[in-house]
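Dumped model_11.txt below, it's compact mmCIF, C-alpha atoms:
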# COMPACT_ATOMS: atom_id res chain seq x y z
CA LYS R 1347 -46.44 -72.80 -49.37
CA ASN R 1348 -48.62 -69.76 -48.76
CA GLU R 1349 -47.94 -66.69 -50.84
CA VAL R 1350 -47.97 -64.57 -47.67
CA GLU R 1351 -46.31 -65.88 -44.52
CA GLN R 1352 -46.36 -64.29 -41.09
CA SER R 1353 -44.30 -64.94 -38.01
CA PRO R 1354 -44.70 -65.56 -35.24
CA GLN R 1355 -48.17 -67.14 -35.21
CA ASN R 1356 -48.61 -66.39 -31.53
CA LEU R 1357 -46.85 -63.86 -29.35
CA THR R 1358 -47.15 -63.04 -25.67
CA ALA R 1359 -45.44 -59.94 -24.31
CA GLN R 1360 -45.28 -57.97 -21.12
CA GLU R 1361 -46.66 -54.45 -21.06
CA GLY R 1362 -44.05 -51.97 -22.23
CA GLU R 1363 -42.13 -54.38 -24.43
CA PHE R 1364 -41.14 -53.63 -28.02
CA ILE R 1365 -42.91 -56.02 -30.40
CA THR R 1366 -42.10 -57.03 -33.95
CA ILE R 1367 -44.33 -59.02 -36.30
CA ASN R 1368 -42.96 -60.14 -39.63
CA CYS R 1369 -44.52 -60.72 -43.03
CA SER R 1370 -42.85 -62.28 -46.07
CA TYR R 1371 -44.43 -62.68 -49.48
CA SER R 1372 -43.49 -64.52 -52.63
CA VAL R 1373 -45.45 -62.60 -55.28
CA GLY R 1374 -45.00 -59.23 -56.93
CA ILE R 1375 -47.12 -56.69 -55.12
CA SER R 1376 -48.51 -53.22 -55.65
CA ALA R 1377 -49.25 -52.64 -51.96
CA LEU R 1378 -49.02 -54.32 -48.57
CA HIS R 1379 -51.49 -53.81 -45.75
CA TRP R 1380 -51.40 -54.36 -42.02
CA LEU R 1381 -54.79 -55.06 -40.47
CA GLN R 1382 -55.87 -55.38 -36.85
CA GLN R 1383 -58.70 -57.51 -35.50
CA HIS R 1384 -59.68 -57.43 -31.84
CA PRO R 1385 -61.31 -60.54 -30.35
CA GLY R 1386 -64.86 -60.83 -31.63
CA GLY R 1387 -64.39 -57.62 -33.50
CA GLY R 1388 -64.17 -56.19 -36.96
CA ILE R 1389 -61.11 -55.66 -39.10
CA VAL R 1390 -59.39 -52.30 -39.18
CA SER R 1391 -56.73 -51.15 -41.58
CA LEU R 1392 -53.60 -49.89 -39.82
CA PHE R 1393 -51.24 -49.19 -42.70
CA MET R 1394 -50.96 -49.43 -46.45
CA LEU R 1395 -47.39 -49.51 -47.76
CA SER R 1396 -45.77 -49.64 -51.16
CA SER R 1397 -42.31 -48.54 -50.02
CA GLY R 1398 -40.34 -47.28 -47.05
CA LYS R 1399 -41.81 -46.73 -43.63
CA LYS R 1400 -44.94 -45.34 -41.98
CA LYS R 1401 -45.61 -44.38 -38.37
CA HIS R 1402 -48.83 -43.85 -36.50
CA GLY R 1403 -48.59 -43.32 -32.79
CA ARG R 1404 -46.79 -46.30 -31.26
CA LEU R 1405 -47.06 -48.33 -34.46
CA ILE R 1406 -44.41 -48.41 -37.15
CA ALA R 1407 -44.57 -50.38 -40.40
CA THR R 1408 -41.68 -50.94 -42.77
CA ILE R 1409 -41.34 -52.68 -46.09
CA ASN R 1410 -38.34 -53.89 -48.07
CA ILE R 1411 -39.47 -54.49 -51.64
CA GLN R 1412 -36.23 -56.17 -52.73
CA GLU R 1413 -36.39 -58.68 -49.89
CA LYS R 1414 -40.19 -59.05 -50.12
CA HIS R 1415 -40.52 -58.48 -46.41
CA SER R 1416 -42.44 -56.18 -44.10
CA SER R 1417 -42.42 -55.67 -40.36
CA LEU R 1418 -44.93 -54.18 -37.96
CA HIS R 1419 -43.45 -52.78 -34.76
CA ILE R 1420 -45.30 -51.78 -31.61
CA THR R 1421 -43.39 -49.64 -29.15
CA ALA R 1422 -44.30 -49.49 -25.44
CA SER R 1423 -46.91 -52.22 -25.87
CA HIS R 1424 -50.13 -52.07 -23.88
CA PRO R 1425 -52.80 -54.69 -23.09
CA ARG R 1426 -55.19 -52.90 -25.45
CA ASP R 1427 -52.80 -53.83 -28.29
CA SER R 1428 -53.88 -57.45 -27.80
CA ALA R 1429 -55.39 -58.49 -31.10
CA VAL R 1430 -54.74 -60.48 -34.25
CA TYR R 1431 -52.52 -58.65 -36.73
CA ILE R 1432 -52.95 -59.64 -40.36
CA CYS R 1433 -50.67 -58.92 -43.28
CA ALA R 1434 -52.35 -58.69 -46.69
CA VAL R 1435 -51.00 -57.85 -50.16
CA ASN R 1436 -52.40 -56.64 -53.46
CA ALA R 1437 -50.74 -58.68 -56.19
CA GLY R 1438 -51.71 -56.84 -59.34
CA THR R 1439 -55.40 -56.69 -58.52
CA TYR R 1440 -57.46 -54.97 -55.87
CA LYS R 1441 -58.20 -58.20 -54.02
CA TYR R 1442 -56.20 -59.06 -50.91
CA ILE R 1443 -54.04 -62.13 -50.37
CA PHE R 1444 -53.91 -62.68 -46.62
CA GLY R 1445 -51.32 -64.03 -44.27
CA THR R 1446 -52.45 -66.37 -41.53
CA GLY R 1447 -52.30 -63.71 -38.84
CA THR R 1448 -50.32 -63.18 -35.65
CA ARG R 1449 -52.19 -63.46 -32.37
CA LEU R 1450 -50.70 -60.97 -29.90
CA LYS R 1451 -51.41 -60.95 -26.19
CA VAL R 1452 -49.93 -58.19 -24.05
CA LEU R 1453 -49.98 -58.87 -20.33
CA ALA R 1454 -50.33 -56.12 -17.73
CA ASP X 822 -70.23 -41.84 -43.22
CA ALA X 823 -71.65 -44.89 -41.44
CA GLY X 824 -69.06 -47.25 -42.86
CA VAL X 825 -69.82 -50.64 -44.35
CA ILE X 826 -73.05 -52.02 -42.93
CA GLN X 827 -73.79 -55.73 -42.63
CA SER X 828 -76.88 -57.52 -41.46
CA PRO X 829 -77.66 -59.56 -39.58
CA ARG X 830 -74.76 -59.43 -37.11
CA HIS X 831 -75.53 -62.92 -35.87
CA GLU X 832 -77.45 -65.71 -37.54
CA VAL X 833 -78.21 -69.14 -36.17
CA THR X 834 -79.95 -71.55 -38.47
CA GLU X 835 -80.47 -75.24 -38.98
CA MET X 836 -78.83 -77.33 -41.62
CA GLY X 837 -80.69 -77.21 -44.90
CA GLN X 838 -82.13 -73.74 -44.40
CA GLU X 839 -81.48 -70.83 -46.73
CA VAL X 840 -79.33 -68.04 -45.34
CA THR X 841 -79.06 -64.53 -46.78
CA LEU X 842 -76.37 -62.11 -45.64
CA ARG X 843 -76.62 -58.44 -46.57
CA CYS X 844 -74.09 -55.69 -47.14
CA LYS X 845 -74.30 -51.96 -47.80
CA PRO X 846 -70.96 -50.57 -48.96
CA ILE X 847 -69.70 -47.07 -48.30
CA SER X 848 -71.27 -44.60 -50.69
CA GLY X 849 -69.02 -43.85 -53.64
CA HIS X 850 -67.01 -47.05 -53.36
CA ASP X 851 -66.86 -49.05 -56.56
CA TYR X 852 -65.48 -52.41 -55.40
CA LEU X 853 -67.21 -54.78 -53.00
CA PHE X 854 -65.64 -57.90 -51.53
CA TRP X 855 -67.14 -60.84 -49.63
CA TYR X 856 -64.81 -62.75 -47.28
CA ARG X 857 -65.19 -65.73 -44.98
CA GLN X 858 -63.14 -66.20 -41.82
CA THR X 859 -62.71 -69.48 -39.96
CA MET X 860 -60.23 -70.66 -37.36
CA MET X 861 -58.90 -73.32 -39.68
CA ARG X 862 -58.49 -71.31 -42.89
CA GLY X 863 -58.30 -67.69 -41.76
CA LEU X 864 -59.64 -65.05 -44.15
CA GLU X 865 -60.65 -66.17 -47.60
CA LEU X 866 -61.96 -64.12 -50.50
CA LEU X 867 -65.24 -65.52 -51.81
CA ILE X 868 -66.15 -63.06 -54.56
CA TYR X 869 -65.72 -59.45 -55.52
CA PHE X 870 -67.63 -56.96 -57.64
CA ASN X 871 -66.63 -53.87 -59.57
CA ASN X 872 -69.40 -51.43 -60.42
CA ASN X 873 -71.94 -54.13 -59.48
CA VAL X 874 -70.44 -56.70 -61.86
CA PRO X 875 -68.89 -59.90 -60.44
CA ILE X 876 -65.20 -59.95 -61.35
CA ASP X 877 -63.80 -62.99 -59.59
CA ASP X 878 -65.92 -65.69 -57.97
CA SER X 879 -63.22 -68.35 -57.88
CA GLY X 880 -63.35 -68.40 -54.09
CA MET X 881 -67.01 -69.36 -53.90
CA PRO X 882 -66.84 -72.83 -52.40
CA GLU X 883 -69.63 -74.50 -54.34
CA ASP X 884 -72.96 -74.01 -56.06
CA ARG X 885 -74.71 -73.63 -52.74
CA PHE X 886 -73.19 -70.15 -52.52
CA SER X 887 -74.38 -67.26 -54.66
CA ALA X 888 -73.85 -63.51 -54.51
CA LYS X 889 -75.58 -60.59 -56.17
CA MET X 890 -75.13 -56.87 -56.35
CA PRO X 891 -78.30 -55.39 -57.87
CA ASN X 892 -77.12 -51.80 -57.32
CA ALA X 893 -74.20 -49.78 -56.00
CA SER X 894 -75.55 -49.70 -52.46
CA PHE X 895 -76.53 -53.29 -51.78
CA SER X 896 -75.18 -56.81 -52.06
CA THR X 897 -76.31 -60.21 -50.83
CA LEU X 898 -74.55 -63.49 -50.18
CA LYS X 899 -76.88 -66.45 -50.14
CA ILE X 900 -76.25 -70.01 -48.98
CA GLN X 901 -78.83 -72.60 -49.99
CA PRO X 902 -78.93 -75.17 -48.48
CA SER X 903 -76.74 -74.32 -45.52
CA GLU X 904 -74.45 -76.89 -43.88
CA PRO X 905 -72.65 -76.93 -40.50
CA ARG X 906 -69.28 -76.43 -42.26
CA ASP X 907 -70.54 -73.05 -43.47
CA SER X 908 -70.34 -71.76 -39.90
CA ALA X 909 -67.95 -68.81 -39.99
CA VAL X 910 -67.77 -65.04 -39.82
CA TYR X 911 -68.59 -63.44 -43.14
CA PHE X 912 -67.16 -60.00 -43.85
CA CYS X 913 -68.04 -57.53 -46.53
CA ALA X 914 -65.56 -54.81 -47.54
CA SER X 915 -65.56 -51.97 -50.03
CA ARG X 916 -62.87 -49.94 -51.75
CA VAL X 917 -62.92 -46.28 -52.63
CA LYS X 918 -63.21 -45.44 -56.31
CA GLY X 919 -60.06 -44.38 -58.09
CA ALA X 920 -56.76 -45.75 -59.26
CA GLY X 921 -54.16 -46.32 -56.60
CA TYR X 922 -56.61 -46.50 -53.72
CA ASN X 923 -55.99 -50.08 -52.60
CA GLU X 924 -57.29 -49.84 -49.04
CA GLN X 925 -60.45 -51.75 -48.21
CA PHE X 926 -62.91 -50.86 -45.47
CA PHE X 927 -64.48 -53.79 -43.66
CA GLY X 928 -67.92 -54.20 -42.22
CA PRO X 929 -68.43 -55.62 -38.71
CA GLY X 930 -69.12 -59.11 -40.03
CA THR X 931 -71.95 -61.59 -39.73
CA ARG X 932 -71.34 -64.55 -37.44
CA LEU X 933 -73.15 -67.52 -38.95
CA THR X 934 -73.82 -70.70 -37.01
CA VAL X 935 -75.40 -73.64 -38.82
CA LEU X 936 -76.62 -76.36 -36.47
Taking this structure as input, can you express it in the form of structure tokens?
Amino acid sequence: KNEVEQSPQNLTAQEGEFITINCSYSVGISALHWLQQHPGGGIVSLFMLSSGKKKHGRLIATINIQEKHSSLHITASHPRDSAVYICAVNAGTYKYIFGTGTRLKVLA
Amino acid sequence: DAGVIQSPRHEVTEMGQEVTLRCKPISGHDYLFWYRQTMMRGLELLIYFNNNVPIDDSGMPEDRFSAKMPNASFSTLKIQPSEPRDSAVYFCASRVKGAGYNEQFFGPGTRLTVL
């Protein structure tokens, strides 16, 4: 079993829909990260969380330390949100442990 | 700042050839990470350095892979000899110096194809 699990693996949505991507982890962490990777593109950090909730534009990330779970929400989704979203954790060191990623496609 | 710089962006080579990937981290960052990304295995950490010293190379797949960081502004990942299964995108990332700064900044990646 992977230390970091994401669901769903693939997600197709219609433009305007509210989207949720989930991440569960089984190790103690110091921080959790949400990353975005567009097709053929580089990797960009969206959020770093150690507790609570963060918001940036239409993106919201939450974390529940007790339940070892985080969610990434996208409100009013748009085709340009189509990308792979990756959850990664720091488990006592600065290196990342990655989830397998969620491939999101938003249709116009 | 220009961000993390990697070269080349694309590399096509034949099996058995030596391949060298290069990375320039963001100035002032003290950690440097090399990752490999494939469809089958996703993102994997190969090795990381702190202040130019290798800290954890447990992800390096085998002796054909080696990495160096001769100074704070340059690192190389070398594969010798290369094999078709090494085909992947290789990312370099760096982390800002200081306790509590866990965020990493990724380079654009090098897409390696070994024929």
Please tabulate, as JSON lines, the residues of chain X that come within 12 Å of chain R, each with its closest pair of atoms and the distance in Å to one decimal, counting only C-alpha atoms and ordering rows by chain, then residue number upward.
{"residue": "X:Gly824", "atom": "CA", "partner": "R:Val1390", "partner_atom": "CA", "distance": 11.5}
{"residue": "X:Val825", "atom": "CA", "partner": "R:Gly1388", "partner_atom": "CA", "distance": 10.8}
{"residue": "X:Ile826", "atom": "CA", "partner": "R:Gly1388", "partner_atom": "CA", "distance": 11.5}
{"residue": "X:Gln827", "atom": "CA", "partner": "R:Gly1388", "partner_atom": "CA", "distance": 11.2}
{"residue": "X:Arg830", "atom": "CA", "partner": "R:Gly1388", "partner_atom": "CA", "distance": 11.1}
{"residue": "X:His831", "atom": "CA", "partner": "R:Gly1386", "partner_atom": "CA", "distance": 11.7}
{"residue": "X:Asp851", "atom": "CA", "partner": "R:Tyr1440", "partner_atom": "CA", "distance": 11.1}
{"residue": "X:Tyr852", "atom": "CA", "partner": "R:Tyr1440", "partner_atom": "CA", "distance": 8.4}
{"residue": "X:Leu853", "atom": "CA", "partner": "R:Lys1441", "partner_atom": "CA", "distance": 9.7}
{"residue": "X:Phe854", "atom": "CA", "partner": "R:Lys1441", "partner_atom": "CA", "distance": 7.9}
{"residue": "X:Trp855", "atom": "CA", "partner": "R:Lys1441", "partner_atom": "CA", "distance": 10.3}
{"residue": "X:Tyr856", "atom": "CA", "partner": "R:Tyr1442", "partner_atom": "CA", "distance": 10.0}
{"residue": "X:Arg857", "atom": "CA", "partner": "R:Phe1444", "partner_atom": "CA", "distance": 11.8}
{"residue": "X:Gln858", "atom": "CA", "partner": "R:Thr1446", "partner_atom": "CA", "distance": 10.7}
{"residue": "X:Thr859", "atom": "CA", "partner": "R:Thr1446", "partner_atom": "CA", "distance": 10.8}
{"residue": "X:Met860", "atom": "CA", "partner": "R:Thr1446", "partner_atom": "CA", "distance": 9.8}
{"residue": "X:Met861", "atom": "CA", "partner": "R:Thr1446", "partner_atom": "CA", "distance": 9.7}
{"residue": "X:Arg862", "atom": "CA", "partner": "R:Thr1446", "partner_atom": "CA", "distance": 7.9}
{"residue": "X:Gly863", "atom": "CA", "partner": "R:Thr1446", "partner_atom": "CA", "distance": 6.0}
{"residue": "X:Leu864", "atom": "CA", "partner": "R:Phe1444", "partner_atom": "CA", "distance": 6.7}
{"residue": "X:Glu865", "atom": "CA", "partner": "R:Phe1444", "partner_atom": "CA", "distance": 7.7}
{"residue": "X:Leu866", "atom": "CA", "partner": "R:Tyr1442", "partner_atom": "CA", "distance": 7.7}
{"residue": "X:Leu867", "atom": "CA", "partner": "R:Lys1441", "partner_atom": "CA", "distance": 10.4}
{"residue": "X:Ile868", "atom": "CA", "partner": "R:Lys1441", "partner_atom": "CA", "distance": 9.3}
{"residue": "X:Tyr869", "atom": "CA", "partner": "R:Lys1441", "partner_atom": "CA", "distance": 7.8}
{"residue": "X:Phe870", "atom": "CA", "partner": "R:Lys1441", "partner_atom": "CA", "distance": 10.2}
{"residue": "X:Asn871", "atom": "CA", "partner": "R:Tyr1440", "partner_atom": "CA", "distance": 9.9}
{"residue": "X:Ile876", "atom": "CA", "partner": "R:Lys1441", "partner_atom": "CA", "distance": 10.3}
{"residue": "X:Asp877", "atom": "CA", "partner": "R:Lys1441", "partner_atom": "CA", "distance": 9.2}
{"residue": "X:Asp878", "atom": "CA", "partner": "R:Lys1441", "partner_atom": "CA", "distance": 11.5}
{"residue": "X:Ser879", "atom": "CA", "partner": "R:Lys1441", "partner_atom": "CA", "distance": 12.0}
{"residue": "X:Gly880", "atom": "CA", "partner": "R:Lys1441", "partner_atom": "CA", "distance": 11.4}
{"residue": "X:Ala909", "atom": "CA", "partner": "R:Gly1386", "partner_atom": "CA", "distance": 12.0}
{"residue": "X:Val910", "atom": "CA", "partner": "R:Gly1386", "partner_atom": "CA", "distance": 9.7}
{"residue": "X:Tyr911", "atom": "CA", "partner": "R:Gly1388", "partner_atom": "CA", "distance": 10.5}
{"residue": "X:Phe912", "atom": "CA", "partner": "R:Gly1388", "partner_atom": "CA", "distance": 8.4}
{"residue": "X:Cys913", "atom": "CA", "partner": "R:Ile1389", "partner_atom": "CA", "distance": 10.3}
{"residue": "X:Ala914", "atom": "CA", "partner": "R:Ile1389", "partner_atom": "CA", "distance": 9.6}
{"residue": "X:Ser915", "atom": "CA", "partner": "R:Tyr1440", "partner_atom": "CA", "distance": 10.4}
{"residue": "X:Arg916", "atom": "CA", "partner": "R:Tyr1440", "partner_atom": "CA", "distance": 8.5}
{"residue": "X:Val917", "atom": "CA", "partner": "R:Tyr1440", "partner_atom": "CA", "distance": 10.8}
{"residue": "X:Lys918", "atom": "CA", "partner": "R:Tyr1440", "partner_atom": "CA", "distance": 11.1}
{"residue": "X:Gly919", "atom": "CA", "partner": "R:Tyr1440", "partner_atom": "CA", "distance": 11.1}
{"residue": "X:Ala920", "atom": "CA", "partner": "R:Tyr1440", "partner_atom": "CA", "distance": 9.8}
{"residue": "X:Gly921", "atom": "CA", "partner": "R:Ser1376", "partner_atom": "CA", "distance": 9.0}
{"residue": "X:Tyr922", "atom": "CA", "partner": "R:Tyr1440", "partner_atom": "CA", "distance": 8.8}
{"residue": "X:Asn923", "atom": "CA", "partner": "R:Tyr1440", "partner_atom": "CA", "distance": 6.1}
{"residue": "X:Glu924", "atom": "CA", "partner": "R:Met1394", "partner_atom": "CA", "distance": 6.9}
{"residue": "X:Gln925", "atom": "CA", "partner": "R:Ser1391", "partner_atom": "CA", "distance": 7.6}
{"residue": "X:Phe926", "atom": "CA", "partner": "R:Ser1391", "partner_atom": "CA", "distance": 7.3}
{"residue": "X:Phe927", "atom": "CA", "partner": "R:Ile1389", "partner_atom": "CA", "distance": 6.0}
{"residue": "X:Gly928", "atom": "CA", "partner": "R:Gly1388", "partner_atom": "CA", "distance": 6.8}
{"residue": "X:Pro929", "atom": "CA", "partner": "R:Gly1388", "partner_atom": "CA", "distance": 4.6}
{"residue": "X:Gly930", "atom": "CA", "partner": "R:Gly1388", "partner_atom": "CA", "distance": 6.5}
{"residue": "X:Thr931", "atom": "CA", "partner": "R:Gly1388", "partner_atom": "CA", "distance": 9.9}
{"residue": "X:Arg932", "atom": "CA", "partner": "R:Gly1386", "partner_atom": "CA", "distance": 9.5}
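Every protein, DNA or RNA residue with an atom at most 10 Å from Lys1399 of chain R, where all atoms listed in the file count and chain neighbours fewer than 3 positions away do not, is listed here: R:Phe1393, R:Met1394, R:Leu1395, R:Ser1396, R:Ile1406, R:Ala1407, R:Thr1408, R:Ile1409, R:Asn1410, R:Ser1416, R:Ser1417, R:Leu1418.
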One-decimal distance in Å that lies between atom CA of Val1430 of chain R and atom CA of Asp907 of chain X: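 So the two atoms, atom CA of Asp907 of chain X and atom CA of Val1430 of chain R, lie 22.2 Å apart.
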Mind checking which residues fall within 12 Å of Gln901 of chain X, counting all atoms listed in the file, ignoring those fewer than 5 positions away in the same chain, and posting them as a PyMOL selection string? chain X and resi 834-842+883-888+907+935
Taking all listed atoms of segment 861-880 of chain X, build the axis-aligned box, pad each of the six sides by 8 Å, then write its centre and edge lengths in Å to one decimal as JSON.
{"center_x": -65.1, "center_y": -62.4, "center_z": -50.8, "size_x": 29.6, "size_y": 37.9, "size_z": 38.2}
Compute the distance from (-48.2, -63.3, -31.7) to each atom, counting all atoms listed in the file, keep the residues with any atom at most 9 Å away, and return them as JSON, numbers by chain; use the coordinates of the file. {"R": [1353, 1354, 1355, 1356, 1357, 1358, 1359, 1367, 1429, 1430, 1431, 1447, 1448, 1449, 1450, 1451]}
For atom CA of Pro891 of chain X and atom CA of Pro829 of chain X, quote the distance in Å rounded to one decimal.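 Computing it gives 18.8 Å between the two atoms.
Computed from the coordinates, the atom CA of Leu1405 of chain R to atom CA of Pro1425 of chain R distance equals 14.2 Å.
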Mind checking which residues fall within 7 Å of Lys1414 of chain R, counting only C-alpha atoms, ignoring those fewer than 3 positions away in the same chain, and posting them as a PyMOL selection string? chain R and resi 1370-1372+1410-1411
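For the residues X:Ser828, X:Arg843, X:Leu933, X:Val874, ranking by smallest atom-to-atom distance to Lys899 of chain X using only C-alpha atoms places X:Arg843 first.
Closest approach to Glu1349 of chain R from the set R:Ala1437, R:Leu1381, R:Ile1365, R:Val1373 is made by R:Val1373, with distances taken over all atoms listed in the file.
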